[in-house]
$ cat my_file_24.cif   # mmCIF, C-alpha atoms
data_run
loop_
_atom_site.label_atom_id
_atom_site.label_comp_id
_atom_site.auth_asym_id
_atom_site.auth_seq_id
_atom_site.Cartn_x
_atom_site.Cartn_y
_atom_site.Cartn_z
CA VAL Y 1 39.75 -55.08 -39.82
CA MET Y 2 36.68 -56.40 -41.60
CA ALA Y 3 36.90 -56.37 -45.39
CA GLY Y 4 34.07 -55.44 -47.73
CA ILE Y 5 30.98 -53.41 -46.89
CA ASN Y 6 28.46 -56.08 -45.83
CA TRP Y 7 28.98 -55.09 -42.21
CA LEU Y 8 27.32 -51.72 -42.92
CA SER Y 9 23.88 -53.37 -42.93
CA GLU Y 10 24.43 -55.56 -39.86
CA GLU Y 11 22.38 -53.63 -37.28
CA LEU Y 12 22.32 -54.59 -33.63
CA PRO Y 13 18.95 -55.24 -31.93
CA GLY Y 14 17.25 -51.95 -31.03
CA MET Y 15 19.89 -49.91 -32.88
CA ARG Y 16 20.15 -48.04 -36.19
CA ARG Y 17 23.40 -47.99 -38.12
CA LEU Y 18 23.98 -44.36 -39.11
CA PHE Y 19 26.73 -42.16 -40.47
CA TYR Y 20 28.52 -39.15 -39.00
CA PHE Y 21 30.55 -37.15 -41.52
CA THR Y 22 33.47 -35.15 -40.14
CA SER Y 23 36.51 -33.19 -41.22
CA PRO Y 24 39.95 -34.59 -40.32
CA SER Y 25 40.71 -31.77 -37.86
CA PHE Y 26 39.17 -33.28 -34.72
CA ALA Y 27 38.33 -36.78 -35.92
CA LEU Y 28 41.38 -38.61 -34.57
CA ASP Y 29 41.13 -36.95 -31.15
CA ASN Y 30 37.45 -37.88 -30.93
CA LEU Y 31 38.26 -41.48 -31.81
CA ARG Y 32 40.99 -41.58 -29.16
CA GLN Y 33 38.62 -40.11 -26.57
CA LYS Y 34 35.78 -42.38 -27.79
CA GLN Y 35 33.37 -39.50 -28.18
CA ILE Y 36 31.27 -37.49 -30.66
CA LYS Y 37 30.79 -33.72 -30.58
CA VAL Y 38 27.35 -32.41 -29.63
CA SER Y 39 26.19 -29.58 -31.92
CA ASP Y 40 24.79 -26.29 -30.66
CA PHE Y 41 21.39 -25.41 -32.18
CA THR Y 42 22.55 -21.80 -32.65
CA LYS Y 43 25.65 -22.83 -34.63
CA CYS Y 44 24.22 -25.37 -37.07
CA ASN Y 45 24.75 -24.97 -40.82
CA ASP Y 46 21.05 -24.43 -41.42
CA LEU Y 47 20.31 -20.74 -40.83
CA PHE Y 48 16.67 -21.74 -40.25
CA GLU Y 49 17.52 -24.19 -37.47
CA LEU Y 50 14.63 -24.27 -34.96
CA ALA Y 51 12.91 -21.71 -37.18
CA SER Y 52 10.61 -23.74 -39.41
CA ILE Y 53 7.83 -21.38 -38.31
CA ASP Y 54 6.55 -18.12 -39.80
CA LEU Y 55 8.34 -15.29 -37.97
CA SER Y 56 6.79 -12.35 -39.80
CA ASN Y 57 4.99 -11.29 -36.61
CA LYS Y 58 7.31 -9.14 -34.48
CA ASP Y 59 5.94 -10.41 -31.14
CA VAL Y 60 6.29 -14.03 -32.20
CA ARG Y 61 9.80 -13.27 -33.42
CA GLU Y 62 10.81 -11.83 -30.04
CA GLU Y 63 9.36 -14.77 -28.13
CA HIS Y 64 11.08 -17.15 -30.52
CA ARG Y 65 14.46 -15.47 -29.89
CA LYS Y 66 14.09 -15.89 -26.12
CA TRP Y 67 12.97 -19.49 -26.55
CA LEU Y 68 15.90 -20.30 -28.84
CA ASP Y 69 18.37 -18.97 -26.27
CA GLU Y 70 16.74 -21.07 -23.56
CA VAL Y 71 16.65 -24.26 -25.60
CA SER Y 72 20.25 -23.99 -26.83
CA LYS Y 73 21.52 -23.79 -23.24
CA LYS Y 74 19.70 -26.95 -22.22
CA ALA Y 75 19.72 -29.18 -25.30
CA GLY Y 76 22.09 -30.15 -28.10
CA LEU Y 77 22.04 -32.60 -30.96
CA ILE Y 78 24.11 -34.97 -33.05
CA CYS Y 79 23.24 -34.92 -36.75
CA LEU Y 80 23.47 -38.31 -38.47
CA SER Y 81 22.71 -39.51 -41.98
CA GLU Y 82 21.13 -42.69 -43.30
CA ASP Y 83 23.30 -42.58 -46.43
CA TRP Y 84 27.10 -42.89 -46.54
CA ARG Y 85 27.17 -42.85 -50.34
CA SER Y 86 26.03 -39.22 -50.76
CA THR Y 87 28.57 -37.14 -52.69
CA LEU Y 88 27.03 -33.96 -51.26
CA MET Y 89 27.61 -35.09 -47.67
CA TRP Y 90 31.23 -35.98 -48.41
CA GLY Y 91 31.73 -32.61 -50.09
CA TYR Y 92 30.01 -30.51 -47.40
CA TYR Y 93 31.19 -32.10 -44.18
CA THR Y 94 34.53 -33.83 -44.75
CA ASN Y 95 36.65 -30.98 -46.09
CA ASN Y 96 36.01 -31.98 -49.71
CA GLY Y 97 36.61 -35.66 -49.09
CA GLY Y 98 39.66 -35.24 -46.88
CA GLY Y 99 37.88 -36.36 -43.72
CA MET Y 100 35.97 -39.48 -42.86
CA CYS Y 101 32.60 -40.99 -42.05
CA ILE Y 102 32.28 -42.50 -38.57
CA VAL Y 103 29.79 -45.37 -38.60
CA LEU Y 104 27.69 -45.52 -35.43
CA ASP Y 105 25.11 -47.81 -33.88
CA VAL Y 106 22.52 -45.57 -32.22
CA ALA Y 107 19.62 -46.56 -29.97
CA LYS Y 108 16.36 -46.21 -31.90
CA THR Y 109 14.67 -44.74 -28.81
CA GLU Y 110 17.00 -41.74 -28.98
CA LEU Y 111 16.46 -40.92 -32.65
CA CYS Y 112 14.07 -38.60 -34.42
CA PRO Y 113 13.92 -38.51 -38.23
CA VAL Y 114 13.95 -35.05 -39.78
CA GLN Y 115 10.76 -34.00 -41.54
CA TYR Y 116 11.40 -31.94 -44.66
CA VAL Y 117 8.81 -29.32 -45.56
CA SER Y 118 8.31 -26.77 -48.34
CA ARG Y 119 6.43 -24.17 -46.25
CA ARG Y 120 6.96 -22.66 -42.83
CA THR Y 121 4.25 -23.25 -40.22
CA GLU Y 122 2.26 -20.41 -38.67
CA PHE Y 123 2.64 -20.02 -34.90
CA SER Y 124 0.98 -17.33 -32.86
CA SER Y 125 1.80 -17.65 -29.16
CA ARG Y 126 4.54 -18.45 -26.66
CA SER Y 127 2.74 -21.67 -25.73
CA SER Y 128 3.56 -22.96 -29.21
CA PHE Y 129 7.25 -23.23 -28.37
CA PRO Y 130 8.02 -26.49 -26.52
CA LEU Y 131 10.55 -26.29 -23.70
CA PRO Y 132 13.41 -28.80 -23.35
CA ASP Y 133 11.46 -30.95 -20.87
CA ASN Y 134 8.58 -31.30 -23.34
CA PRO Y 135 8.74 -34.45 -25.54
CA VAL Y 136 7.23 -32.37 -28.35
CA LEU Y 137 10.56 -30.54 -28.64
CA ARG Y 138 12.13 -33.46 -30.53
CA GLN Y 139 9.59 -33.31 -33.31
CA PHE Y 140 9.48 -29.52 -33.34
CA SER Y 141 13.25 -29.30 -33.71
CA SER Y 142 13.38 -31.98 -36.41
CA THR Y 143 11.56 -29.99 -39.08
CA LYS Y 144 13.66 -28.46 -41.85
CA SER Y 145 13.36 -27.05 -45.34
CA ASN Y 146 13.18 -29.64 -48.11
CA HIS Y 147 16.32 -28.01 -49.51
CA TRP Y 148 18.12 -30.32 -47.05
CA LEU Y 149 16.33 -33.47 -48.17
CA HIS Y 150 19.52 -34.98 -49.56
CA GLU Y 151 20.92 -35.34 -46.03
CA ARG Y 152 18.39 -38.03 -45.00
CA GLU Y 153 19.01 -36.92 -41.44
CA GLN Y 154 18.28 -38.62 -38.15
CA ARG Y 155 18.78 -36.60 -34.96
CA PHE Y 156 20.14 -37.74 -31.61
CA PHE Y 157 19.14 -35.26 -28.92
CA VAL Y 158 21.29 -34.59 -25.87
CA ASP Y 159 20.08 -33.19 -22.55
CA LEU Y 160 22.91 -30.87 -21.52
CA GLU Y 161 21.65 -30.75 -17.92
CA ALA Y 162 21.25 -34.49 -17.38
CA LYS Y 163 23.26 -36.00 -14.54
CA GLY Y 164 24.97 -39.36 -14.64
CA THR Y 165 25.28 -39.34 -18.45
CA ASN Y 166 28.22 -39.81 -20.80
CA LEU Y 167 28.30 -36.06 -21.42
CA CYS Y 168 31.63 -34.23 -21.06
CA GLN Y 169 33.10 -30.85 -21.97
CA LYS Y 170 36.38 -29.69 -23.52
CA ASP Y 171 37.37 -26.20 -24.68
CA GLY Y 172 33.79 -25.01 -24.34
CA ARG Y 173 32.41 -27.81 -26.51
CA ASN Y 174 30.11 -30.63 -25.44
CA PHE Y 175 30.81 -34.27 -26.27
CA ILE Y 176 29.02 -37.51 -25.60
CA LYS Y 177 31.06 -40.62 -24.86
CA PHE Y 178 30.41 -43.87 -26.68
CA GLY Y 179 28.23 -46.12 -24.54
CA ASP Y 180 24.98 -48.06 -24.55
CA LYS Y 181 23.10 -45.53 -26.67
CA ILE Y 182 25.78 -44.70 -29.21
CA LYS Y 183 28.51 -47.14 -30.23
CA LEU Y 184 31.38 -47.07 -32.70
CA ALA Y 185 30.75 -49.59 -35.50
CA GLY Y 186 33.40 -48.66 -38.04
CA ILE Y 187 35.04 -45.96 -40.15
CA ILE Y 188 34.99 -45.03 -43.84
CA ASN Y 189 37.97 -42.96 -44.90
CA GLY Y 190 37.37 -40.26 -47.50
CA PRO Y 191 38.26 -40.35 -51.20
CA ARG Y 192 40.96 -37.68 -50.70
CA PRO Y 193 42.13 -38.81 -47.28
CA GLU Y 194 44.20 -36.44 -45.19
CA VAL Y 195 44.55 -39.07 -42.45
CA THR Y 196 45.97 -42.53 -43.04
CA GLY Y 197 44.07 -45.70 -42.35
CA ASP Y 198 46.79 -46.75 -39.89
CA ASP Y 199 46.31 -43.51 -37.94
CA ILE Y 200 42.55 -44.04 -37.84
CA LEU Y 201 42.80 -47.61 -36.63
CA SER Y 202 45.43 -46.66 -34.07
CA ALA Y 203 43.25 -43.83 -32.74
CA SER Y 204 40.19 -46.05 -32.44
CA GLY Y 205 42.18 -48.34 -30.14
CA GLU Y 206 40.28 -51.46 -31.14
CA GLU Y 207 39.51 -53.74 -34.06
CA VAL Y 208 36.96 -51.84 -36.11
CA SER Y 209 35.52 -52.32 -39.57
CA PHE Y 210 37.23 -49.99 -42.01
CA PHE Y 211 37.62 -49.14 -45.68
CA GLN Y 212 38.43 -46.21 -47.95
CA CYS Y 213 35.86 -44.95 -50.46
CA ARG Y 214 36.05 -43.39 -53.91
CA PRO Y 215 33.66 -41.84 -56.47
CA ALA Y 216 31.85 -44.51 -58.51
CA PHE Y 217 32.69 -44.96 -62.18
CA ARG Y 218 29.12 -45.31 -63.49
CA ASP Y 219 26.95 -43.04 -61.34
CA PHE Y 220 27.03 -40.18 -58.82
CA ARG Y 221 27.69 -41.95 -55.53
CA MET Y 222 30.52 -43.15 -53.35
CA VAL Y 223 31.68 -46.77 -53.32
CA MET Y 224 34.37 -48.80 -51.62
CA GLN Y 225 37.86 -48.53 -53.10
CA GLN Y 226 38.41 -52.21 -53.88
CA ASP Y 227 42.12 -51.86 -54.62
CA GLN Y 228 43.63 -51.60 -51.14
CA ARG Y 229 46.96 -50.61 -52.67
CA LEU Y 230 45.31 -47.23 -53.31
CA TRP Y 231 44.25 -46.75 -49.68
CA ASN Y 232 46.07 -43.96 -47.88
#
$ encode --input "my_file_24.cif" --output "structure tokens"
Amino acid sequence: VMAGINWLSEELPGMRRLFYFTSPSFALDNLRQKQIKVSDFTKCNDLFELASIDLSNKDVREEHRKWLDEVSKKAGLICLSEDWRSTLMWGYYTNNGGGMCIVLDVAKTELCPVQYVSRRTEFSSRSSFPLPDNPVLRQFSSTKSNHWLHEREQRFFVDLEAKGTNLCQKDGRNFIKFGDKIKLAGIINGPRPEVTGDDILSASGEEVSFFQCRPAFRDFRMVMQQDQRLWN
């Protein structure tokens, strides 16, 4: 187990080191299975997901509904953050600090940074909605309200119909296995950990970089808990 946090900035060639916040419920199983859950566009936290456009026109609204159903059956996403220190991310996505942050190396070619906007864009026709086989879909589906700016999100898109991929299913959920495009780099346990460090390291099945975090004393961010006697 690597001590300190210097490893967090040690990116591999062609990869970005990013952070996946998760509650403790499924985290250990995902580590054992060496996989990350793929999110469904229709079940994301943002109620305006894939809806950064003006839907005041009834016809556009109907076409958008059909398009959303079509896209969600063929494509999914993994939502990642550039910032592991965010107190909001730990509060929102880790069961109030009880979960963990899985540190991942992700191929840059697979990533699309989210663009945060203050106004919704006007669209007027069905041709405006890119289908899953259109490269424009990535950019279209990476536009969100600036209310989410704190997430500093990067998106990893998953083709749910692709053959010969690391995609798998369990209990109606889609997962992508760790591989060339997404690799496990380490784990940061939460400030109110519900899972022990020993359990995390055992589930990962390999030597991984690891530490437990805590709220900083001087400012509003998370830092490494230096006193390992206080690690769970």
$ residues_around --input "my_file_24.cif" --residues "segment 179-195 of chain Y" --least-positions-apart "3" --cutoff "6 Å" --atoms "only C-alpha atoms" --output "list in words"
Gly97, Gly98, Gly99, Met100, Cys101, Ile102, Val103, Leu104, Asp105, Val106, Ala107, Val208, Ser209, Phe210, Phe211, Gln212, Cys213 and Arg214 of chain Y
$ resolve_selection --input "my_file_24.cif" --expression "the PyMOL selection byres ((chain Y and resi 146-153) around 12)" --output "VMD selection string"
chain Y and resid 18 to 21 45 to 49 52 77 to 93 111 to 120 142 to 145 154 to 156
$ write_last_selection --input "my_file_24.cif" --atoms "C-alpha atoms" --output "compact mmCIF listing (two decimals), in the coordinates of the input"
# COMPACT_ATOMS: atom_id res chain seq x y z
CA LEU Y 18 23.98 -44.36 -39.11
CA PHE Y 19 26.73 -42.16 -40.47
CA TYR Y 20 28.52 -39.15 -39.00
CA PHE Y 21 30.55 -37.15 -41.52
CA ASN Y 45 24.75 -24.97 -40.82
CA ASP Y 46 21.05 -24.43 -41.42
CA LEU Y 47 20.31 -20.74 -40.83
CA PHE Y 48 16.67 -21.74 -40.25
CA GLU Y 49 17.52 -24.19 -37.47
CA SER Y 52 10.61 -23.74 -39.41
CA LEU Y 77 22.04 -32.60 -30.96
CA ILE Y 78 24.11 -34.97 -33.05
CA CYS Y 79 23.24 -34.92 -36.75
CA LEU Y 80 23.47 -38.31 -38.47
CA SER Y 81 22.71 -39.51 -41.98
CA GLU Y 82 21.13 -42.69 -43.30
CA ASP Y 83 23.30 -42.58 -46.43
CA TRP Y 84 27.10 -42.89 -46.54
CA ARG Y 85 27.17 -42.85 -50.34
CA SER Y 86 26.03 -39.22 -50.76
CA THR Y 87 28.57 -37.14 -52.69
CA LEU Y 88 27.03 -33.96 -51.26
CA MET Y 89 27.61 -35.09 -47.67
CA TRP Y 90 31.23 -35.98 -48.41
CA GLY Y 91 31.73 -32.61 -50.09
CA TYR Y 92 30.01 -30.51 -47.40
CA TYR Y 93 31.19 -32.10 -44.18
CA LEU Y 111 16.46 -40.92 -32.65
CA CYS Y 112 14.07 -38.60 -34.42
CA PRO Y 113 13.92 -38.51 -38.23
CA VAL Y 114 13.95 -35.05 -39.78
CA GLN Y 115 10.76 -34.00 -41.54
CA TYR Y 116 11.40 -31.94 -44.66
CA VAL Y 117 8.81 -29.32 -45.56
CA SER Y 118 8.31 -26.77 -48.34
CA ARG Y 119 6.43 -24.17 -46.25
CA ARG Y 120 6.96 -22.66 -42.83
CA SER Y 142 13.38 -31.98 -36.41
CA THR Y 143 11.56 -29.99 -39.08
CA LYS Y 144 13.66 -28.46 -41.85
CA SER Y 145 13.36 -27.05 -45.34
CA GLN Y 154 18.28 -38.62 -38.15
CA ARG Y 155 18.78 -36.60 -34.96
CA PHE Y 156 20.14 -37.74 -31.61
$ residues_around --input "my_file_24.cif" --residues "Lys74 of chain Y" --least-positions-apart "2" --cutoff "9 Å" --atoms "all atoms listed in the file" --output "list in words"
Glu70, Val71, Ser72, Gly76, Pro132, Val158, Asp159, Leu160 and Glu161 of chain Y
$ atom_distance --input "my_file_24.cif" --atom1 "atom CA of Lys34 of chain Y" --atom2 "atom CA of Glu206 of chain Y"
10.7 Å
$ residues_around --input "my_file_24.cif" --residues "Asn30 of chain Y" --least-positions-apart "5" --cutoff "9 Å" --atoms "all atoms listed in the file" --output "ChimeraX atom specification"
/Y:35-37,175,203-204
$ atom_distance --input "my_file_24.cif" --atom1 "atom CA of Asn95 of chain Y" --atom2 "atom CA of Trp7 of chain Y"
25.6 Å
$ closest_residue --input "my_file_24.cif" --among "Y:Ser141, Y:Phe41, Y:Gly197, Y:Ile176" --to "Gln228 of chain Y" --atoms "only C-alpha atoms"
Y:Gly197
$ atom_distance --input "my_file_24.cif" --atom1 "atom CA of Ser23 of chain Y" --atom2 "atom CA of Ile5 of chain Y"
21.7 Å
$ build_atoms --input "my_file_24.cif" --residues "segment 55-75 of chain Y" --atoms "N, CA and C atoms" --output "short mmCIF file (atom, residue, chain, number, x, y, z; two decimals), keeping the file's coordinate frame"
data_model
loop_
_atom_site.label_atom_id
_atom_site.label_comp_id
_atom_site.auth_asym_id
_atom_site.auth_seq_id
_atom_site.Cartn_x
_atom_site.Cartn_y
_atom_site.Cartn_z
N LEU Y 55 7.90 -16.29 -38.95
CA LEU Y 55 8.34 -15.29 -37.97
C LEU Y 55 8.07 -13.86 -38.46
N SER Y 56 7.09 -13.69 -39.29
CA SER Y 56 6.79 -12.35 -39.80
C SER Y 56 6.16 -11.45 -38.76
N ASN Y 57 5.58 -12.07 -37.71
CA ASN Y 57 4.99 -11.29 -36.61
C ASN Y 57 6.09 -10.92 -35.63
N LYS Y 58 6.23 -9.62 -35.33
CA LYS Y 58 7.31 -9.14 -34.48
C LYS Y 58 7.27 -9.74 -33.08
N ASP Y 59 6.06 -9.85 -32.49
CA ASP Y 59 5.94 -10.41 -31.14
C ASP Y 59 6.35 -11.88 -31.11
N VAL Y 60 5.91 -12.62 -32.10
CA VAL Y 60 6.29 -14.03 -32.20
C VAL Y 60 7.80 -14.14 -32.38
N ARG Y 61 8.36 -13.26 -33.16
CA ARG Y 61 9.80 -13.27 -33.42
C ARG Y 61 10.59 -13.04 -32.13
N GLU Y 62 10.14 -12.12 -31.30
CA GLU Y 62 10.81 -11.83 -30.04
C GLU Y 62 10.71 -13.01 -29.08
N GLU Y 63 9.53 -13.61 -29.00
CA GLU Y 63 9.36 -14.77 -28.13
C GLU Y 63 10.20 -15.95 -28.63
N HIS Y 64 10.28 -16.08 -29.94
CA HIS Y 64 11.08 -17.15 -30.52
C HIS Y 64 12.57 -16.97 -30.18
N ARG Y 65 13.05 -15.74 -30.22
CA ARG Y 65 14.46 -15.47 -29.89
C ARG Y 65 14.77 -15.88 -28.46
N LYS Y 66 13.89 -15.52 -27.53
CA LYS Y 66 14.09 -15.89 -26.12
C LYS Y 66 14.05 -17.41 -25.96
N TRP Y 67 13.12 -18.03 -26.63
CA TRP Y 67 12.97 -19.49 -26.55
C TRP Y 67 14.20 -20.20 -27.11
N LEU Y 68 14.72 -19.69 -28.23
CA LEU Y 68 15.90 -20.30 -28.84
C LEU Y 68 17.10 -20.23 -27.91
N ASP Y 69 17.28 -19.10 -27.23
CA ASP Y 69 18.37 -18.97 -26.27
C ASP Y 69 18.23 -19.98 -25.14
N GLU Y 70 17.00 -20.15 -24.68
CA GLU Y 70 16.74 -21.07 -23.56
C GLU Y 70 16.99 -22.51 -23.97
N VAL Y 71 16.50 -22.89 -25.13
CA VAL Y 71 16.65 -24.26 -25.60
C VAL Y 71 18.11 -24.60 -25.84
N SER Y 72 18.86 -23.71 -26.47
CA SER Y 72 20.25 -23.99 -26.83
C SER Y 72 21.15 -24.18 -25.61
N LYS Y 73 20.75 -23.62 -24.47
CA LYS Y 73 21.52 -23.79 -23.24
C LYS Y 73 21.25 -25.14 -22.59
N LYS Y 74 20.11 -25.73 -22.91
CA LYS Y 74 19.70 -26.95 -22.22
C LYS Y 74 19.73 -28.21 -23.09
N ALA Y 75 19.78 -28.02 -24.41
CA ALA Y 75 19.72 -29.18 -25.30
C ALA Y 75 20.68 -29.01 -26.47
#
